[in-house]
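J.: Got a file for you: final_17.cif, mmCIF, C-alpha atoms.
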data_input
loop_
_atom_site.group_PDB
_atom_site.id
_atom_site.type_symbol
_atom_site.label_atom_id
_atom_site.label_comp_id
_atom_site.auth_asym_id
_atom_site.auth_seq_id
_atom_site.Cartn_x
_atom_site.Cartn_y
_atom_site.Cartn_z
ATOM 1 C CA MET A 567 -3.103 -5.871 25.290
ATOM 2 C CA ALA A 568 -4.244 -9.401 24.529
ATOM 3 C CA ILE A 569 -3.290 -10.878 21.189
ATOM 4 C CA LYS A 570 -6.341 -11.297 18.981
ATOM 5 C CA THR A 571 -6.986 -13.953 16.357
ATOM 6 C CA ILE A 572 -8.002 -13.357 12.763
ATOM 7 C CA ALA A 573 -11.465 -14.651 13.687
ATOM 8 C CA GLN A 574 -11.810 -11.969 16.368
ATOM 9 C CA PHE A 575 -10.634 -9.290 13.976
ATOM 10 C CA ARG A 576 -13.099 -10.586 11.373
ATOM 11 C CA THR A 577 -15.927 -10.124 13.863
ATOM 12 C CA GLU A 578 -14.782 -6.581 14.595
ATOM 13 C CA ALA A 579 -14.403 -5.828 10.881
ATOM 14 C CA THR A 580 -17.876 -7.146 10.106
ATOM 15 C CA SER A 581 -19.382 -4.828 12.689
ATOM 16 C CA GLU A 582 -17.362 -1.852 11.456
ATOM 17 C CA ILE A 583 -18.133 -2.359 7.784
ATOM 18 C CA GLU A 584 -21.806 -2.830 8.619
ATOM 19 C CA SER A 585 -21.823 0.525 10.388
ATOM 20 C CA GLU A 586 -19.985 2.211 7.524
ATOM 21 C CA LYS A 587 -22.436 1.126 4.836
ATOM 22 C CA PRO A 588 -22.928 2.150 2.132
ATOM 23 C CA LEU A 589 -19.446 1.783 0.626
ATOM 24 C CA TYR A 590 -18.833 2.734 -2.968
ATOM 25 C CA ALA A 591 -16.667 1.742 -5.903
ATOM 26 C CA GLN A 592 -15.814 4.027 -8.791
ATOM 27 C CA VAL A 593 -15.841 2.197 -12.104
ATOM 28 C CA ASN A 594 -16.308 3.612 -15.601
ATOM 29 C CA ASN A 595 -16.891 7.058 -14.144
ATOM 30 C CA GLU A 596 -19.788 5.818 -12.065
ATOM 31 C CA ARG A 597 -19.964 5.729 -8.287
ATOM 32 C CA ARG A 598 -21.918 2.652 -7.363
ATOM 33 C CA GLU A 599 -22.490 0.787 -4.102
ATOM 34 C CA PHE A 600 -20.374 -2.282 -3.357
ATOM 35 C CA THR A 601 -21.679 -5.657 -4.386
ATOM 36 C CA LYS A 602 -22.138 -8.409 -1.796
ATOM 37 C CA ALA A 603 -18.811 -9.919 -2.850
ATOM 38 C CA GLU A 604 -17.095 -6.552 -2.469
ATOM 39 C CA TYR A 605 -18.546 -6.060 1.012
ATOM 40 C CA ASP A 606 -17.311 -9.535 1.963
ATOM 41 C CA GLN A 607 -13.862 -8.672 0.632
ATOM 42 C CA ALA A 608 -13.872 -5.344 2.485
ATOM 43 C CA ILE A 609 -14.445 -7.245 5.734
ATOM 44 C CA GLU A 610 -11.604 -9.619 4.935
ATOM 45 C CA ASP A 611 -9.301 -6.734 4.008
ATOM 46 C CA ARG A 612 -10.125 -4.844 7.203
ATOM 47 C CA ALA A 613 -9.549 -7.961 9.334
ATOM 48 C CA ASN A 614 -6.207 -8.660 7.647
ATOM 49 C CA TRP A 615 -5.152 -5.033 8.106
ATOM 50 C CA LYS A 616 -5.924 -5.235 11.808
ATOM 51 C CA LEU A 617 -4.023 -8.497 12.152
ATOM 52 C CA ASP A 618 -1.031 -7.075 10.285
ATOM 53 C CA ASN A 619 -1.036 -3.971 12.470
ATOM 54 C CA GLN A 620 -1.118 -6.105 15.586
ATOM 55 C CA ASP A 621 1.628 -8.476 14.452
ATOM 56 C CA ASN A 622 3.909 -6.123 12.526
ATOM 57 C CA GLY A 623 2.932 -2.541 13.343
ATOM 58 C CA TYR A 624 5.398 -2.226 16.213
ATOM 59 C CA ALA A 625 8.271 -3.313 13.955
ATOM 60 C CA ARG A 626 7.342 -0.736 11.313
ATOM 61 C CA ASP A 627 7.081 1.968 13.969
ATOM 62 C CA ARG A 628 10.481 0.997 15.362
ATOM 63 C CA GLN A 629 12.007 1.044 11.900
ATOM 64 C CA GLN A 630 10.870 4.616 11.413
ATOM 65 C CA SER A 631 12.126 5.721 14.813
ATOM 66 C CA TYR A 632 15.623 4.249 14.888
ATOM 67 C CA PRO A 633 18.350 6.838 14.327
ATOM 68 C CA ALA A 634 19.961 6.750 10.887
ATOM 69 C CA LEU A 635 22.720 4.178 10.496
ATOM 70 C CA GLY A 636 25.470 6.809 10.340
ATOM 71 C CA GLU A 637 24.163 8.428 13.480
ATOM 72 C CA GLN A 638 24.120 5.082 15.268
ATOM 73 C CA LEU A 639 27.702 4.364 14.222
ATOM 74 C CA ASP A 640 28.732 7.767 15.532
ATOM 75 C CA LEU A 641 27.032 7.037 18.853
ATOM 76 C CA LEU A 642 28.858 3.709 19.018
ATOM 77 C CA TYR A 643 32.196 5.339 18.234
ATOM 78 C CA HIS A 644 31.796 7.869 21.026
ATOM 79 C CA ASP A 645 30.565 5.182 23.429
ATOM 80 C CA MET A 646 33.636 3.046 22.676
ATOM 81 C CA THR A 647 35.951 6.030 23.026
ATOM 82 C CA ALA A 648 34.421 6.796 26.413
ATOM 83 C CA GLY A 649 34.639 3.164 27.483
ATOM 84 C CA LYS A 650 30.860 2.819 27.460
ATOM 85 C CA GLY A 651 30.396 -0.135 25.137
ATOM 86 C CA ASP A 652 27.706 -1.463 27.440
ATOM 87 C CA LYS A 653 24.208 -0.547 28.642
ATOM 88 C CA THR A 654 25.431 2.821 29.910
ATOM 89 C CA GLY A 655 26.291 3.954 26.369
ATOM 90 C CA GLU A 656 24.240 6.407 24.316
ATOM 91 C CA TRP A 657 23.720 3.943 21.447
ATOM 92 C CA TYR A 658 22.144 1.374 23.757
ATOM 93 C CA LYS A 659 19.937 4.008 25.351
ATOM 94 C CA ALA A 660 18.767 5.314 21.978
ATOM 95 C CA VAL A 661 17.849 1.871 20.658
ATOM 96 C CA LYS A 662 16.267 0.842 23.941
ATOM 97 C CA LYS A 663 14.087 3.946 23.938
ATOM 98 C CA VAL A 664 12.750 3.099 20.481
ATOM 99 C CA LYS A 665 11.980 -0.456 21.548
ATOM 100 C CA ASP A 666 10.362 0.656 24.809
ATOM 101 C CA ASP A 667 8.273 3.294 23.016
ATOM 102 C CA ASN A 668 7.042 0.686 20.514
ATOM 103 C CA PRO A 669 6.597 -2.526 22.482
ATOM 104 C CA LYS A 670 6.063 -5.907 20.855
ATOM 105 C CA PRO A 671 2.503 -7.058 21.647
ATOM 106 C CA SER A 672 2.246 -9.952 24.032
ATOM 107 C CA MET B 667 7.517 10.905 -29.630
ATOM 108 C CA ALA B 668 4.324 12.923 -29.643
ATOM 109 C CA GLY B 669 1.091 10.986 -29.333
ATOM 110 C CA SER B 670 2.635 7.856 -27.855
ATOM 111 C CA LEU B 671 0.286 7.705 -24.890
ATOM 112 C CA VAL B 672 -3.307 6.749 -25.611
ATOM 113 C CA LEU B 673 -5.833 7.419 -22.847
ATOM 114 C CA ILE B 674 -7.850 4.274 -22.111
ATOM 115 C CA ASP B 675 -9.666 5.130 -18.877
ATOM 116 C CA SER B 676 -9.862 8.185 -16.650
ATOM 117 C CA GLU B 677 -11.497 8.408 -13.238
ATOM 118 C CA THR B 678 -11.761 11.546 -11.140
ATOM 119 C CA VAL B 679 -12.788 11.007 -7.545
ATOM 120 C CA SER B 680 -14.493 13.924 -5.889
ATOM 121 C CA SER B 681 -16.681 12.066 -3.387
ATOM 122 C CA GLY B 682 -15.506 9.235 -1.138
ATOM 123 C CA VAL B 683 -15.193 5.753 -2.641
ATOM 124 C CA SER B 684 -13.643 2.602 -1.227
ATOM 125 C CA SER B 685 -12.101 1.542 -4.519
ATOM 126 C CA VAL B 686 -11.324 2.868 -7.962
ATOM 127 C CA SER B 687 -11.029 0.640 -11.015
ATOM 128 C CA LEU B 688 -9.161 1.393 -14.221
ATOM 129 C CA THR B 689 -10.131 -1.048 -16.931
ATOM 130 C CA GLY B 690 -9.912 -1.503 -20.664
ATOM 131 C CA ILE B 691 -6.618 -3.352 -21.046
ATOM 132 C CA ASP B 692 -6.540 -5.699 -23.999
ATOM 133 C CA SER B 693 -3.991 -6.820 -26.575
ATOM 134 C CA THR B 694 -4.036 -3.489 -28.428
ATOM 135 C CA TYR B 695 -0.905 -2.380 -26.552
ATOM 136 C CA ASN B 696 1.940 -4.356 -25.026
ATOM 137 C CA VAL B 697 2.561 -1.954 -22.165
ATOM 138 C CA TYR B 698 0.117 0.214 -20.225
ATOM 139 C CA GLN B 699 0.772 3.107 -17.880
ATOM 140 C CA VAL B 700 -1.162 4.022 -14.731
ATOM 141 C CA ILE B 701 -0.989 7.531 -13.312
ATOM 142 C CA ILE B 702 -2.439 8.394 -9.921
ATOM 143 C CA ASN B 703 -2.371 12.094 -9.204
ATOM 144 C CA SER B 704 -3.020 13.424 -5.684
ATOM 145 C CA LEU B 705 -4.932 10.556 -4.146
ATOM 146 C CA THR B 706 -6.236 11.724 -0.790
ATOM 147 C CA ALA B 707 -7.582 9.501 1.983
ATOM 148 C CA ASP B 708 -10.077 9.965 4.798
ATOM 149 C CA THR B 709 -8.083 7.789 7.218
ATOM 150 C CA ASN B 710 -4.567 8.200 8.585
ATOM 151 C CA SER B 711 -1.904 5.580 7.844
ATOM 152 C CA SER B 712 -3.772 4.408 4.769
ATOM 153 C CA GLY B 713 -1.531 2.236 2.632
ATOM 154 C CA ILE B 714 -2.404 2.189 -1.037
ATOM 155 C CA GLU B 715 -2.990 -1.313 -2.386
ATOM 156 C CA ILE B 716 -3.493 -2.434 -5.978
ATOM 157 C CA ARG B 717 -5.039 -5.563 -7.428
ATOM 158 C CA VAL B 718 -5.378 -6.696 -11.016
ATOM 159 C CA THR B 719 -8.866 -7.069 -12.417
ATOM 160 C CA LYS B 720 -10.133 -10.065 -14.344
ATOM 161 C CA SER B 721 -13.205 -9.326 -16.415
ATOM 162 C CA GLY B 722 -13.608 -6.113 -14.451
ATOM 163 C CA SER B 723 -13.492 -7.644 -10.972
ATOM 164 C CA ALA B 724 -10.565 -7.350 -8.584
ATOM 165 C CA ASP B 725 -8.650 -10.609 -8.205
ATOM 166 C CA THR B 726 -8.372 -11.137 -4.440
ATOM 167 C CA THR B 727 -6.553 -14.471 -4.525
ATOM 168 C CA SER B 728 -3.188 -14.680 -2.755
ATOM 169 C CA ASN B 729 -0.968 -14.516 -5.809
ATOM 170 C CA TYR B 730 0.711 -11.138 -5.504
ATOM 171 C CA ASP B 731 4.479 -10.849 -5.047
ATOM 172 C CA TYR B 732 6.260 -7.517 -4.730
ATOM 173 C CA ALA B 733 9.477 -5.874 -3.660
ATOM 174 C CA SER B 734 10.114 -2.188 -3.155
ATOM 175 C CA LEU B 735 12.494 0.248 -1.563
ATOM 176 C CA GLN B 736 10.818 2.913 0.539
ATOM 177 C CA LEU B 737 12.701 6.190 0.480
ATOM 178 C CA LYS B 738 11.977 8.315 3.516
ATOM 179 C CA ALA B 739 13.047 11.922 3.802
ATOM 180 C CA ILE B 740 13.177 11.903 7.599
ATOM 181 C CA SER B 741 14.246 8.378 8.495
ATOM 182 C CA ALA B 742 16.194 5.397 7.193
ATOM 183 C CA PHE B 743 15.170 3.801 3.909
ATOM 184 C CA ALA B 744 13.406 0.456 4.232
ATOM 185 C CA ASP B 745 12.795 -2.655 2.183
ATOM 186 C CA ASN B 746 9.231 -3.836 1.710
ATOM 187 C CA SER B 747 8.506 -7.188 0.132
ATOM 188 C CA ALA B 748 6.126 -10.132 0.270
ATOM 189 C CA THR B 749 5.095 -13.225 -1.605
ATOM 190 C CA ASN B 750 1.603 -14.618 -1.993
ATOM 191 C CA GLY B 751 -0.135 -11.519 -0.703
ATOM 192 C CA ASP B 752 -3.698 -10.709 -1.703
ATOM 193 C CA SER B 753 -2.686 -7.371 -3.283
ATOM 194 C CA TRP B 754 0.348 -5.344 -4.230
ATOM 195 C CA ASP B 755 0.766 -3.744 -0.798
ATOM 196 C CA ALA B 756 4.031 -2.187 -1.896
ATOM 197 C CA PHE B 757 3.263 1.475 -1.421
ATOM 198 C CA ASN B 758 3.624 4.112 1.257
ATOM 199 C CA THR B 759 0.874 5.369 3.518
ATOM 200 C CA THR B 760 -0.854 8.704 3.357
ATOM 201 C CA GLY B 761 -3.196 10.480 5.716
ATOM 202 C CA THR B 762 -5.707 13.202 6.272
ATOM 203 C CA ALA B 763 -3.460 16.181 7.003
ATOM 204 C CA THR B 764 -3.533 19.087 4.602
ATOM 205 C CA GLY B 765 -0.824 18.405 2.053
ATOM 206 C CA SER B 766 -0.977 14.612 2.438
ATOM 207 C CA ALA B 767 -1.288 12.902 -0.939
ATOM 208 C CA PHE B 768 -0.196 9.864 -2.922
ATOM 209 C CA ASN B 769 1.185 10.077 -6.447
ATOM 210 C CA LEU B 770 2.183 7.127 -8.610
ATOM 211 C CA THR B 771 3.461 6.206 -12.030
ATOM 212 C CA ALA B 772 3.264 2.485 -12.824
ATOM 213 C CA TYR B 773 3.864 0.440 -15.955
ATOM 214 C CA LEU B 774 1.911 -2.752 -16.589
ATOM 215 C CA PHE B 775 3.399 -5.605 -18.630
ATOM 216 C CA ASN B 776 1.873 -8.784 -20.101
ATOM 217 C CA PHE B 777 -1.557 -7.945 -18.733
ATOM 218 C CA ALA B 778 -3.416 -9.057 -21.831
ATOM 219 C CA ASN B 779 -1.321 -12.171 -22.305
ATOM 220 C CA ALA B 780 -3.291 -15.160 -20.991
ATOM 221 C CA SER B 781 -0.214 -17.388 -20.902
ATOM 222 C CA GLU B 782 2.034 -15.001 -18.943
ATOM 223 C CA TYR B 783 2.062 -13.524 -15.461
ATOM 224 C CA SER B 784 1.068 -9.843 -15.091
ATOM 225 C CA PHE B 785 3.949 -7.575 -14.053
ATOM 226 C CA VAL B 786 4.147 -4.034 -12.699
ATOM 227 C CA THR B 787 6.969 -1.557 -12.113
ATOM 228 C CA PHE B 788 6.345 1.651 -10.208
ATOM 229 C CA GLU B 789 7.649 4.883 -8.786
ATOM 230 C CA GLU B 790 5.850 6.854 -6.128
ATOM 231 C CA ALA B 791 6.029 10.111 -4.177
ATOM 232 C CA THR B 792 3.801 10.455 -1.132
ATOM 233 C CA THR B 793 3.336 12.717 1.818
ATOM 234 C CA ASP B 794 2.248 10.834 4.924
ATOM 235 C CA ASN B 795 0.140 11.702 7.989
ATOM 236 C CA SER B 796 2.768 14.229 9.059
ATOM 237 C CA VAL B 797 3.256 15.518 5.511
ATOM 238 C CA ASP B 798 6.751 14.033 5.478
ATOM 239 C CA LEU B 799 7.945 12.864 2.091
ATOM 240 C CA ARG B 800 8.181 9.189 1.260
ATOM 241 C CA GLY B 801 9.200 7.823 -2.096
ATOM 242 C CA ALA B 802 9.161 4.257 -3.326
ATOM 243 C CA THR B 803 10.377 2.323 -6.306
ATOM 244 C CA GLY B 804 9.848 -1.323 -7.053
ATOM 245 C CA GLY B 805 7.979 -3.998 -8.907
ATOM 246 C CA GLY B 806 5.487 -6.764 -8.578
ATOM 247 C CA VAL B 807 4.043 -9.797 -10.283
ATOM 248 C CA HIS B 808 0.663 -11.483 -10.205
ATOM 249 C CA THR B 809 1.587 -15.127 -10.465
ATOM 250 C CA VAL B 810 -1.426 -16.300 -12.423
ATOM 251 C CA ALA B 811 -1.073 -17.022 -16.116
ATOM 252 C CA SER B 812 -4.288 -15.412 -17.268
ATOM 253 C CA ALA B 813 -5.284 -12.142 -18.870
ATOM 254 C CA SER B 814 -5.835 -9.095 -16.657
ATOM 255 C CA ASP B 815 -7.954 -6.230 -17.974
ATOM 256 C CA GLY B 816 -7.171 -3.510 -15.457
ATOM 257 C CA VAL B 817 -6.285 -2.571 -11.896
ATOM 258 C CA SER B 818 -8.314 -1.798 -8.791
ATOM 259 C CA ILE B 819 -6.991 0.603 -6.152
ATOM 260 C CA HIS B 820 -8.094 0.618 -2.517
ATOM 261 C CA LEU B 821 -6.769 1.574 0.916
ATOM 262 C CA SER B 822 -5.327 -0.893 3.414
ATOM 263 C CA THR B 823 -7.419 0.620 6.196
ATOM 264 C CA GLY B 824 -10.656 0.120 4.305
ATOM 265 C CA GLY B 825 -11.126 3.870 4.436
ATOM 266 C CA ASN B 826 -12.337 6.068 1.637
ATOM 267 C CA ILE B 827 -10.399 7.553 -1.231
ATOM 268 C CA ASP B 828 -11.663 11.110 -1.049
ATOM 269 C CA GLY B 829 -10.032 12.550 -4.117
ATOM 270 C CA GLY B 830 -7.586 12.085 -6.940
ATOM 271 C CA GLU B 831 -7.194 11.604 -10.651
ATOM 272 C CA PHE B 832 -6.637 8.091 -11.961
ATOM 273 C CA LYS B 833 -5.624 7.473 -15.548
ATOM 274 C CA LEU B 834 -4.793 4.443 -17.655
ATOM 275 C CA TYR B 835 -2.840 4.882 -20.864
ATOM 276 C CA GLY B 836 -1.739 2.496 -23.567
ATOM 277 C CA LEU B 837 1.785 2.912 -24.911
ATOM 278 C CA ARG B 838 1.536 2.987 -28.674
ATOM 279 C CA LYS B 839 3.550 0.167 -30.275
#
Could you quickly redo this structure as structure tokens?
T.:
Amino acid sequence: MAIKTIAQFRTEATSEIESEKPLYAQVNNERREFTKAEYDQAIEDRANWKLDNQDNGYARDRQQSYPALGEQLDLLYHDMTAGKGDKTGEWYKAVKKVKDDNPKPS
Amino acid sequence: MAGSLVLIDSETVSSGVSSVSLTGIDSTYNVYQVIINSLTADTNSSGIEIRVTKSGSADTTSNYDYASLQLKAISAFADNSATNGDSWDAFNTTGTATGSAFNLTAYLFNFANASEYSFVTFEEATTDNSVDLRGATGGGVHTVASASDGVSIHLSTGGNIDGGEFKLYGLRK
């Protein structure tokens, strides 16, 4: 998937927010429609969220998928004991799977 | 001590809104407390974000620093921090599954002091898209020396907050 710029995400966000109108804010127990400034900010927020997901989402997904540290150390111990401290070991395979399942965008 | 919390603002969301504001902070109290009870979202992976308000409007300038520890019941804990963000994006994500909800207690310091930065400390318990538990604890600062009169809560995805109770209390001096 091609890397997008913040300008491209802003265009997408503008279209999305436009289609989602009206948006509301709750203030002082009243539900009122967004002001122009709030709509503009909603577009900026949506664009930044998309950019962050593109640039950092894979890292967050990997972080959640890696085995717990203790589990990884146990895998390493058994790999070393079995003489598999290389790419044939279970630790390497487990980490590689997480990385492969959550590729860095390029 | 009985009667130490004074309710300043209370918002109950029962129909989708993109943001909720709690306002009314002034120099009456030194410390204020925010409680969010069972915030539900209409979009999966919605991170909760908070901004301070100045004269009732959310301050969207890039002056928010935060650091938190995310405590996950099913995976490794993780650090989450940033400087010069445009909100306190320090919280876990929730989703649309039945049982998904976001709950927060936060304390606000120096908000009414125009010559000090506005600080926050918080604790959170959330169930995410998969209804797995995530906790978080941490703090933040808005690095602008001006008075803040409240907080505005929205979702990172731009989705709607579909429900929840939002309360702002003053801590009696």
J.: Between CA of Val593 in chain A and CA of Asp606 in chain A, what is the distance, to one decimal in Å?
T.: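 Between these atoms lies a distance of 18.4 Å.
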J.: So which one's closest to chain A, B:Leu799, B:Leu735, B:Ile827, B:Ile702? Using only C-alpha atoms, please.
T.: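 Looking only at the distances to chain A, the closest residue turns out to be B:Ile827.
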J.: Residues within 9 Å of Ser670 in chain B, please, as a short mmCIF file (atom, residue, chain, number, x, y, z; two decimals) with C-alpha atoms, in the coordinates of the input. Count all atoms listed in the file; anything in the same chain fewer than 5 positions from it doesn't count.
T.:
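Resulting contents of part34.cif:
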data_model
loop_
_atom_site.label_atom_id
_atom_site.label_comp_id
_atom_site.auth_asym_id
_atom_site.auth_seq_id
_atom_site.Cartn_x
_atom_site.Cartn_y
_atom_site.Cartn_z
CA GLY B 836 -1.74 2.50 -23.57
CA LEU B 837 1.78 2.91 -24.91
CA ARG B 838 1.54 2.99 -28.67
CA LYS B 839 3.55 0.17 -30.28
#
J.: For the file shown, report as a ChimeraX atom specification the outcome of the PyMOL selection byres ((chain A and resi 615) around 10) at residue level.
T.: /A:572,575,579,609-614,616-621,623 /B:713,821-824
J.: Based on all atoms listed in the file, which of the residues in chain B come within 6 Å of chain A? I want them as a count of residues only.
T.: 9
J.: Can you tell me which residues surround Asn750 in chain B at a distance of at most 8 Å, considering all atoms listed in the file, apart from same-chain residues fewer than 3 positions away, and format the answer as a PyMOL selection string?
T.: chain B and resi 728-731
